file model_25.txt (compact mmCIF, C-alpha atoms)
# COMPACT_ATOMS: atom_id res chain seq x y z
CA MET A 274 -43.77 43.21 -32.13
CA GLU A 275 -43.47 39.77 -30.52
CA GLY A 276 -39.74 39.73 -31.27
CA LYS A 277 -39.27 43.03 -29.47
CA ILE A 278 -41.16 41.76 -26.42
CA ILE A 279 -39.02 38.60 -26.25
CA THR A 280 -35.86 40.68 -26.60
CA LEU A 281 -36.95 43.03 -23.80
CA LEU A 282 -37.82 40.09 -21.52
CA SER A 283 -34.47 38.40 -22.14
CA LEU A 284 -32.60 41.63 -21.45
CA SER A 285 -34.54 42.13 -18.23
CA LEU A 286 -33.61 38.63 -17.06
CA LEU A 287 -29.84 39.07 -17.63
CA PRO A 288 -29.19 40.77 -14.26
CA LEU A 289 -31.08 37.96 -12.47
CA GLN A 290 -29.04 35.32 -14.29
CA ALA A 291 -25.79 37.07 -13.42
CA LEU A 292 -26.90 37.42 -9.79
CA SER A 293 -27.83 33.74 -9.51
CA SER A 294 -24.58 32.55 -11.09
CA SER A 295 -22.46 34.77 -8.87
CA SER A 296 -24.33 33.77 -5.74
CA SER A 297 -24.01 30.06 -6.54
CA SER A 298 -20.27 30.31 -7.17
CA SER A 299 -19.71 32.28 -3.98
CA CYS A 300 -21.95 29.93 -2.03
CA ASP A 301 -19.83 26.95 -3.05
CA CYS A 302 -16.70 28.57 -1.65
CA THR A 303 -17.87 29.60 1.78
CA ASN A 304 -18.01 27.50 4.91
CA SER A 305 -21.73 27.57 5.58
CA THR A 306 -22.68 26.94 9.19
CA LEU A 307 -26.08 25.55 8.18
CA GLY A 308 -26.47 22.05 9.58
CA GLN A 309 -23.34 22.20 11.74
CA ASP A 310 -23.44 20.51 15.15
CA ALA A 311 -19.96 20.19 16.61
CA GLN A 312 -20.96 17.99 19.56
CA LYS A 313 -22.98 15.51 17.52
CA ALA A 314 -20.32 15.51 14.80
CA LEU A 315 -17.64 14.69 17.39
CA HIS A 316 -19.74 11.78 18.67
CA LEU A 317 -20.05 10.40 15.13
CA LYS A 318 -16.31 10.86 14.52
CA LEU A 319 -15.46 8.83 17.62
CA ILE A 320 -17.82 6.10 16.40
CA SER A 321 -16.15 6.22 12.97
CA ILE A 322 -12.68 5.83 14.54
CA ALA A 323 -13.78 2.70 16.41
CA SER A 324 -15.68 1.29 13.43
CA ILE A 325 -13.00 1.91 10.80
CA LEU A 326 -10.20 0.71 13.10
CA SER A 327 -11.98 -2.55 13.92
CA THR A 328 -13.18 -3.33 10.39
CA GLY A 329 -9.78 -2.51 8.88
CA ALA A 330 -7.98 -4.69 11.43
CA ILE A 331 -10.41 -7.58 10.91
CA GLY A 332 -10.09 -7.30 7.13
CA VAL A 333 -6.30 -7.36 7.04
CA LEU A 334 -6.06 -10.09 9.71
CA ILE A 335 -8.49 -12.52 8.07
CA PRO A 336 -5.99 -13.67 5.39
CA ILE A 337 -3.02 -13.45 7.80
CA LEU A 338 -4.59 -15.52 10.58
CA GLY A 339 -6.49 -17.67 8.08
CA ARG A 340 -3.36 -19.37 6.76
CA SER A 341 -3.98 -22.18 9.24
CA VAL A 342 -7.64 -22.49 8.17
CA LYS A 343 -8.00 -24.60 5.06
CA ILE A 344 -10.79 -22.59 3.45
CA LEU A 345 -8.87 -19.30 3.88
CA ASN A 346 -5.48 -20.64 2.84
CA PRO A 347 -3.90 -18.75 -0.10
CA GLN A 348 -3.69 -22.01 -2.02
CA ASN A 349 -7.46 -22.50 -1.80
CA ASP A 350 -9.75 -21.56 -4.70
CA LEU A 351 -11.91 -19.41 -2.42
CA PHE A 352 -8.89 -17.20 -1.72
CA PHE A 353 -8.71 -16.23 -5.41
CA VAL A 354 -12.41 -15.34 -5.38
CA VAL A 355 -12.17 -13.20 -2.24
CA LYS A 356 -9.03 -11.49 -3.52
CA SER A 357 -10.79 -10.66 -6.82
CA PHE A 358 -13.66 -9.12 -4.88
CA ALA A 359 -11.19 -7.03 -2.84
CA ALA A 360 -9.36 -6.00 -6.02
CA GLY A 361 -12.67 -4.81 -7.46
CA VAL A 362 -13.20 -2.71 -4.33
CA ILE A 363 -9.71 -1.19 -4.69
CA LEU A 364 -10.23 -0.50 -8.40
CA ALA A 365 -13.58 1.22 -7.80
CA THR A 366 -12.01 3.19 -4.95
CA GLY A 367 -9.44 4.62 -7.34
CA MET A 368 -11.69 5.12 -10.37
CA VAL A 369 -15.05 6.10 -8.86
CA HIS A 370 -14.19 7.66 -5.50
CA ILE A 371 -10.70 9.16 -5.45
CA LEU A 372 -10.09 10.28 -9.04
CA PRO A 373 -13.41 12.21 -9.39
CA ALA A 374 -12.69 13.84 -6.01
CA ALA A 375 -9.30 14.93 -7.34
CA PHE A 376 -10.92 16.46 -10.43
CA ASP A 377 -13.46 18.25 -8.22
CA SER A 378 -10.71 19.71 -6.04
CA LEU A 379 -8.43 20.81 -8.87
CA THR A 380 -11.23 22.30 -11.00
CA SER A 381 -13.09 23.95 -8.14
CA PRO A 382 -14.34 27.51 -8.73
CA CYS A 383 -12.80 28.34 -5.36
CA LEU A 384 -9.33 28.18 -6.96
CA GLY A 385 -8.32 31.62 -8.16
CA LEU A 386 -10.85 33.61 -6.16
CA LYS A 387 -8.16 35.47 -4.26
CA GLY A 388 -6.29 36.89 -7.20
CA GLU A 389 -4.57 33.71 -8.38
CA SER A 390 -4.67 32.85 -12.07
CA LYS A 391 -7.35 30.29 -12.92
CA SER A 392 -5.71 29.20 -16.15
CA THR A 393 -3.31 26.75 -14.50
CA TRP A 394 -6.07 24.81 -12.77
CA HIS A 395 -8.98 25.17 -15.19
CA ASP A 396 -7.33 25.01 -18.62
CA PHE A 397 -5.39 21.78 -18.10
CA PRO A 398 -6.58 18.43 -16.65
CA ILE A 399 -4.02 18.37 -13.84
CA ALA A 400 -5.78 15.60 -11.91
CA GLY A 401 -5.64 13.22 -14.88
CA PHE A 402 -2.01 14.16 -15.56
CA VAL A 403 -0.99 13.52 -11.94
CA ALA A 404 -2.85 10.18 -11.90
CA MET A 405 -1.15 9.10 -15.15
CA THR A 406 2.28 10.16 -13.88
CA SER A 407 1.66 8.35 -10.60
CA ALA A 408 0.72 5.13 -12.42
CA ILE A 409 3.85 5.36 -14.61
CA LEU A 410 6.11 5.99 -11.62
CA THR A 411 4.46 3.09 -9.78
CA MET A 412 5.23 0.80 -12.70
CA MET A 413 8.87 1.98 -12.75
CA ILE A 414 9.24 1.53 -8.97
CA ASP A 415 7.54 -1.86 -9.22
CA SER A 416 9.95 -3.02 -11.91
CA ALA A 417 13.07 -1.52 -10.29
CA ALA A 418 12.26 -2.91 -6.84
CA THR A 419 11.58 -6.39 -8.20
CA SER A 420 14.86 -6.30 -10.13
CA PHE A 421 16.77 -5.11 -7.06
CA TYR A 422 15.32 -7.85 -4.84
CA LYS A 423 16.16 -10.50 -7.43
CA ARG A 424 19.75 -9.33 -7.84
CA SER A 425 20.35 -9.02 -4.10
CA HIS A 426 18.84 -12.45 -3.40
CA PHE A 427 20.74 -14.34 -6.09
CA SER A 428 24.04 -12.52 -5.50
CA LYS A 429 23.94 -13.69 -1.87
CA ALA A 430 23.17 -17.25 -2.94
CA ARG A 431 25.87 -17.39 -5.63
CA PRO A 432 29.11 -17.76 -3.54
CA LEU A 433 27.73 -20.71 -1.59
CA ASP A 434 26.61 -22.41 -4.78
CA GLU A 435 30.00 -21.95 -6.44
CA GLU A 436 31.86 -23.35 -3.40
CA GLU A 437 29.49 -26.30 -3.32
CA MET A 438 30.06 -26.94 -7.02
CA GLU A 439 33.86 -26.88 -6.64
CA GLY A 440 33.80 -29.19 -3.61
CA GLN A 441 31.49 -31.67 -5.29
CA ASP A 442 33.51 -31.60 -8.50
CA ARG A 443 36.72 -32.46 -6.59
CA SER A 444 35.17 -35.24 -4.49
CA THR A 445 33.19 -36.90 -7.25
CA SER A 446 35.36 -36.24 -10.31
CA GLY A 447 35.56 -39.92 -11.13
CA ALA A 448 32.11 -41.01 -10.14
CA HIS A 449 29.88 -38.88 -12.31
CA GLU A 450 29.65 -41.05 -15.35
CA GLY A 451 26.05 -41.43 -16.50
CA HIS A 452 24.86 -38.75 -14.06
CA VAL A 453 23.06 -35.70 -15.39
CA HIS A 454 24.77 -32.48 -14.31
CA VAL A 455 22.43 -29.54 -14.54
CA HIS A 456 23.42 -25.88 -14.14
CA VAL A 457 20.65 -23.36 -13.89
CA HIS A 458 22.35 -20.15 -14.97
CA ALA A 459 19.43 -17.87 -14.16
CA THR A 460 19.93 -18.57 -10.47
CA HIS A 461 23.55 -19.79 -10.48
CA GLY A 462 22.06 -22.92 -8.99
CA HIS A 463 23.45 -26.43 -9.19
CA SER A 464 21.58 -29.70 -8.97
CA HIS A 465 22.04 -33.30 -10.05
CA GLY A 466 19.23 -34.71 -12.14
CA GLY A 467 16.87 -32.07 -10.70
CA ALA A 468 16.24 -29.43 -13.35
CA GLU A 469 12.55 -29.27 -12.52
CA LEU A 470 13.27 -28.73 -8.83
CA ALA A 471 15.75 -25.96 -9.53
CA ALA A 472 13.41 -24.22 -11.91
CA GLY A 473 10.59 -24.63 -9.45
CA SER A 474 12.55 -23.07 -6.59
CA ASP A 475 13.60 -20.21 -8.89
CA GLY A 476 9.98 -19.57 -9.80
CA THR A 477 8.89 -19.72 -6.15
CA VAL A 478 11.55 -17.23 -5.07
CA THR A 479 10.71 -14.87 -7.94
CA GLU A 480 6.99 -15.05 -7.15
CA THR A 481 7.62 -14.36 -3.46
CA LEU A 482 9.81 -11.36 -4.24
CA ARG A 483 7.16 -10.09 -6.63
CA HIS A 484 4.45 -10.35 -3.96
CA ARG A 485 6.64 -8.43 -1.50
CA VAL A 486 7.00 -5.52 -3.89
CA VAL A 487 3.27 -5.58 -4.72
CA SER A 488 2.20 -5.56 -1.08
CA GLN A 489 4.51 -2.66 -0.17
CA VAL A 490 3.53 -0.47 -3.13
CA LEU A 491 -0.16 -1.28 -2.62
CA GLU A 492 0.05 -0.29 1.04
CA LEU A 493 1.72 2.99 0.05
CA GLY A 494 -1.19 3.88 -2.24
CA ILE A 495 -3.75 2.92 0.39
CA LEU A 496 -2.00 4.93 3.11
CA VAL A 497 -1.84 8.08 0.98
CA HIS A 498 -5.56 8.26 0.30
CA SER A 499 -6.46 6.99 3.79
CA VAL A 500 -4.77 10.02 5.35
CA ILE A 501 -6.70 12.39 3.05
CA ILE A 502 -10.01 10.64 3.76
CA GLY A 503 -9.37 10.63 7.51
CA VAL A 504 -8.45 14.31 7.72
CA SER A 505 -11.46 15.32 5.59
CA LEU A 506 -13.83 13.28 7.75
CA GLY A 507 -12.28 14.54 10.99
CA ALA A 508 -12.54 18.17 9.90
CA ALA A 509 -16.23 17.91 8.88
CA LEU A 510 -18.72 19.53 11.26
CA LYS A 511 -22.02 18.46 9.69
CA PRO A 512 -23.51 15.19 11.02
CA ASN A 513 -25.50 14.63 7.81
CA ILE A 514 -22.17 14.42 5.93
CA ILE A 515 -20.37 12.24 8.48
CA ARG A 516 -23.14 9.70 9.12
CA PRO A 517 -23.18 7.98 5.69
CA LEU A 518 -19.39 8.07 5.55
CA VAL A 519 -19.05 5.87 8.64
CA GLY A 520 -20.67 2.81 7.06
CA ALA A 521 -19.21 3.41 3.62
CA LEU A 522 -15.64 3.82 4.85
CA SER A 523 -15.94 0.83 7.19
CA PHE A 524 -17.04 -1.37 4.27
CA HIS A 525 -14.28 0.08 2.11
CA GLN A 526 -11.60 -0.42 4.79
CA PHE A 527 -12.65 -4.01 5.45
CA PHE A 528 -12.30 -5.21 1.87
CA GLU A 529 -9.20 -3.13 1.21
CA GLY A 530 -7.74 -4.90 4.24
CA ILE A 531 -8.58 -8.30 2.78
CA GLY A 532 -6.85 -7.38 -0.48
CA LEU A 533 -3.75 -6.09 1.29
CA GLY A 534 -3.72 -8.98 3.76
CA GLY A 535 -3.82 -11.47 0.90
CA CYS A 536 -0.77 -9.81 -0.68
CA ILE A 537 1.06 -9.83 2.65
CA VAL A 538 0.37 -13.54 3.11
CA GLN A 539 1.60 -14.38 -0.39
CA ALA A 540 4.75 -12.32 0.22
CA ASN A 541 5.77 -14.56 3.16
CA PHE A 542 7.04 -11.69 5.29
CA LYS A 543 8.52 -12.37 8.71
CA ALA A 544 6.17 -11.93 11.66
CA ARG A 545 7.55 -8.51 12.60
CA ALA A 546 7.13 -7.05 9.11
CA THR A 547 3.63 -8.55 8.83
CA VAL A 548 2.55 -6.97 12.12
CA ILE A 549 4.02 -3.57 11.18
CA MET A 550 2.21 -3.51 7.82
CA ALA A 551 -1.09 -4.62 9.37
CA VAL A 552 -0.85 -2.02 12.16
CA PHE A 553 0.03 0.80 9.75
CA PHE A 554 -2.95 -0.05 7.55
CA SER A 555 -5.37 -0.29 10.46
CA LEU A 556 -4.30 2.95 12.13
CA THR A 557 -3.84 5.33 9.20
CA THR A 558 -7.46 6.37 8.64
CA PRO A 559 -8.32 6.62 12.37
CA VAL A 560 -5.18 8.71 12.97
CA GLY A 561 -6.18 10.91 10.02
CA ILE A 562 -9.61 11.38 11.60
CA ALA A 563 -7.99 12.33 14.91
CA VAL A 564 -5.79 14.88 13.13
CA GLY A 565 -8.86 16.27 11.36
CA ILE A 566 -10.66 16.64 14.71
CA GLY A 567 -7.68 18.55 16.06
CA ILE A 568 -7.58 21.04 13.19
CA SER A 569 -11.33 21.25 12.52
CA SER A 570 -11.57 24.73 14.04
CA SER A 571 -8.98 26.19 11.65
CA TYR A 572 -9.18 23.87 8.64
CA ASP A 573 -10.87 25.39 5.60
CA GLN A 574 -11.73 22.73 3.03
CA THR A 575 -12.52 25.39 0.41
CA SER A 576 -9.18 27.21 0.64
CA SER A 577 -6.88 27.06 -2.39
CA THR A 578 -4.11 25.35 -0.40
CA ALA A 579 -6.40 22.62 0.93
CA LEU A 580 -7.96 22.01 -2.50
CA VAL A 581 -4.59 21.73 -4.25
CA ILE A 582 -3.07 19.42 -1.62
CA GLU A 583 -6.13 17.16 -1.50
CA GLY A 584 -6.49 17.12 -5.28
CA VAL A 585 -2.85 16.28 -6.01
CA PHE A 586 -2.60 13.60 -3.31
CA ASN A 587 -5.94 12.05 -4.30
CA ALA A 588 -4.91 11.96 -7.97
CA ALA A 589 -1.56 10.35 -7.09
CA ALA A 590 -3.27 7.77 -4.86
CA ALA A 591 -5.82 7.02 -7.61
CA GLY A 592 -3.04 6.35 -10.11
CA ILE A 593 -1.30 3.98 -7.70
CA LEU A 594 -4.46 2.05 -6.81
CA ILE A 595 -5.71 1.76 -10.40
CA TYR A 596 -2.36 0.42 -11.57
CA MET A 597 -2.02 -1.99 -8.64
CA ALA A 598 -5.59 -3.30 -8.97
CA LEU A 599 -5.41 -3.92 -12.71
CA VAL A 600 -1.80 -5.05 -13.15
CA ASP A 601 -0.55 -6.56 -9.90
CA LEU A 602 -3.76 -7.98 -8.48
CA LEU A 603 -6.26 -8.79 -11.23
CA ALA A 604 -3.96 -9.50 -14.18
CA ALA A 605 -1.62 -11.61 -12.04
CA ASP A 606 -4.44 -13.71 -10.59
CA PHE A 607 -6.53 -13.98 -13.77
CA MET A 608 -3.49 -15.25 -15.71
CA HIS A 609 -2.51 -17.67 -12.93
CA PRO A 610 -2.40 -21.28 -14.24
CA ARG A 611 -4.77 -22.41 -11.53
CA VAL A 612 -7.43 -19.93 -12.67
CA GLN A 613 -6.75 -20.46 -16.38
CA THR A 614 -7.28 -24.22 -16.15
CA ASN A 615 -10.43 -24.08 -14.00
CA GLY A 616 -13.56 -22.76 -15.70
CA ARG A 617 -15.62 -22.56 -12.52
CA LEU A 618 -12.87 -20.69 -10.67
CA GLN A 619 -12.45 -18.34 -13.62
CA LEU A 620 -16.18 -17.54 -13.62
CA GLY A 621 -16.14 -17.11 -9.85
CA THR A 622 -13.26 -14.61 -9.92
CA HIS A 623 -14.90 -12.62 -12.72
CA MET A 624 -18.22 -12.43 -10.88
CA ALA A 625 -16.46 -11.50 -7.63
CA LEU A 626 -14.61 -8.69 -9.42
CA LEU A 627 -17.85 -7.28 -10.87
CA LEU A 628 -19.61 -7.58 -7.50
CA GLY A 629 -16.83 -5.85 -5.57
CA ALA A 630 -16.43 -3.05 -8.10
CA GLY A 631 -20.22 -2.64 -8.39
CA LEU A 632 -20.88 -2.44 -4.65
CA MET A 633 -18.01 -0.01 -4.08
CA SER A 634 -19.21 2.14 -6.97
CA LEU A 635 -22.71 2.16 -5.49
CA LEU A 636 -21.28 3.59 -2.27
CA ALA A 637 -20.21 6.68 -4.23
CA LYS A 638 -23.83 7.81 -3.87
CA TRP A 639 -23.22 8.39 -0.17
CA ALA A 640 -19.44 8.77 0.12

call {"tool": "encode", "arguments": {"input": "model_25.txt", "output": "structure tokens"}}
result
Amino acid sequence: MEGKIITLLSLSLLPLQALSSSSSSSCDCTNSTLGQDAQKALHLKLISIASILSTGAIGVLIPILGRSVKILNPQNDLFFVVKSFAAGVILATGMVHILPAAFDSLTSPCLGLKGESKSTWHDFPIAGFVAMTSAILTMMIDSAATSFYKRSHFSKARPLDEEEMEGQDRSTSGAHEGHVHVHVHATHGHSHGGAELAAGSDGTVTETLRHRVVSQVLELGILVHSVIIGVSLGAALKPNIIRPLVGALSFHQFFEGIGLGGCIVQANFKARATVIMAVFFSLTTPVGIAVGIGISSSYDQTSSTALVIEGVFNAAAAGILIYMALVDLLAADFMHPRVQTNGRLQLGTHMALLLGAGLMSLLAKWA
């Protein structure tokens, strides 16, 4: 008797369960006007533009302008600590903020509601695949660009070195007894009794070229996700969503700027290139917000097109940032001889990494 009663109760609850599940799925895919306040949202967006622009500019300019300040010089131990903190922020941005957002977009129940097949988006982890592919392509571009810069630099230096060698050989053919003649084949260089100097200059040039590639690829990854973040924020109409994002994105932009600015300083770009990179970084998110404001009346964040574009671009940006943070920023600095031979500096960089990643991860609660 009891079994029959339980069975009847469960059968009677089935329509309610179906109704609740269908209403929740449909609710997730509609632009609810509850809590919308266009005027107040616009006011907060203008504040966010000013805040994010200023904090981003300050962050990227601190390492650039700080080269003349001893404590902020790239050769100072504190610079390694600050850069590790910024790398932790960038790593958490990719792992905790952008990649989960990509999964949410590309597995949303809103995909396939208008007759499209759900199997493509829900039966395969497309976000993870795009992030992996992006990281692999970043590694290939990183390697190819570094190789190209090396070849172009040393091929330009080679003719001058060969002419110098021939001229010196003719003028000093009889006066070289007892003098060490060193040829550094890796750079086609030529020095007399100066193998260490030649090797040192080779290492310096290679390190500078490496930093140039790192800074450019890192900025590319930052710009991609900054545009997505800016447009999403600009298109939002609910103040309760925008308000916590202002502080979170300002914090995020500031420390991303420090990380990028440190790479720019180490790359020894000319003044014009440095200014261009700093301006592009500072303006991307505010410009994205302005674009979002312009299209807020027609932009539907729950449409299939918007979800796919945001998901794919976020996944690609996450792959770039994760690779750059782990390989080009953290691994390069943690294996640096200066860090390896200094226990206090090593501890400081490790703690800074954990602090930066932890604080940025904590912000995922609000943004």

call {"tool": "atom_distance", "arguments": {"input": "model_25.txt", "atom1": "atom CA of Leu384 of chain A", "atom2": "atom CA of Ser577 of chain A"}}
result
5.3 Å

call {"tool": "residues_near_point", "arguments": {"input": "model_25.txt", "point": "(-6.4, 13.4, -4.8)", "cutoff": "9 Å", "atoms": "only C-alpha atoms", "output": "PyMOL selection string"}}
result
chain A and resi 371-376+378-379+400+403-404+498+501+581-591

call {"tool": "atom_distance", "arguments": {"input": "model_25.txt", "atom1": "atom CA of Leu627 of chain A", "atom2": "atom CA of Leu556 of chain A"}}
result
28.6 Å

call {"tool": "residues_around", "arguments": {"input": "model_25.txt", "residues": "segment 523-533 of chain A", "least_positions_apart": "5", "cutoff": "6 Å", "atoms": "all atoms listed in the file", "output": "JSON list (two decimals) with C-alpha atoms, in the frame of the given file"}}
result
[["chain", "number", "residue", "atom", "x", "y", "z"],
["A", 325, "ILE", "CA", -13.00, 1.91, 10.80],
["A", 328, "THR", "CA", -13.18, -3.33, 10.39],
["A", 329, "GLY", "CA", -9.78, -2.51, 8.88],
["A", 332, "GLY", "CA", -10.09, -7.30, 7.13],
["A", 333, "VAL", "CA", -6.30, -7.36, 7.04],
["A", 356, "LYS", "CA", -9.03, -11.49, -3.52],
["A", 359, "ALA", "CA", -11.19, -7.03, -2.84]]

call {"tool": "closest_residue", "arguments": {"input": "model_25.txt", "among": "A:Leu319, A:Val490, A:Leu628, A:Val342", "to": "Asp415 of chain A", "atoms": "all atoms listed in the file"}}
result
A:Val490

call {"tool": "atom_distance", "arguments": {"input": "model_25.txt", "atom1": "atom CA of Ala544 of chain A", "atom2": "atom CA of Leu334 of chain A"}}
result
12.5 Å

call {"tool": "closest_residue", "arguments": {"input": "model_25.txt", "among": "A:Phe607, A:Phe421, A:Tyr596, A:Phe554", "to": "Met405 of chain A", "atoms": "all atoms listed in the file"}}
result
A:Tyr596

call {"tool": "residues_around", "arguments": {"input": "model_25.txt", "residues": "Ala630 of chain A", "least_positions_apart": "5", "cutoff": "10 Å", "atoms": "all atoms listed in the file", "output": "PyMOL selection string"}}
result
chain A and resi 357-366+368-369+624-625+635

call {"tool": "closest_residue", "arguments": {"input": "model_25.txt", "among": "A:Val487, A:Leu632, A:Leu338, A:Val560", "to": "Cys536 of chain A", "atoms": "only C-alpha atoms"}}
result
A:Val487

call {"tool": "closest_residue", "arguments": {"input": "model_25.txt", "among": "A:Gly535, A:Asp377, A:Ser407, A:Lys343", "to": "His395 of chain A", "atoms": "all atoms listed in the file"}}
result
A:Asp377

call {"tool": "residues_near_point", "arguments": {"input": "model_25.txt", "point": "(-12.5, 13.5, 15.9)", "cutoff": "8 Å", "atoms": "all atoms listed in the file", "output": "list in words"}}
result
Leu315, His316, Lys318, Leu319, Ile322, Gly507, Ala508, Ile562, Ala563, Val564, Gly565, Ile566 and Gly567 of chain A
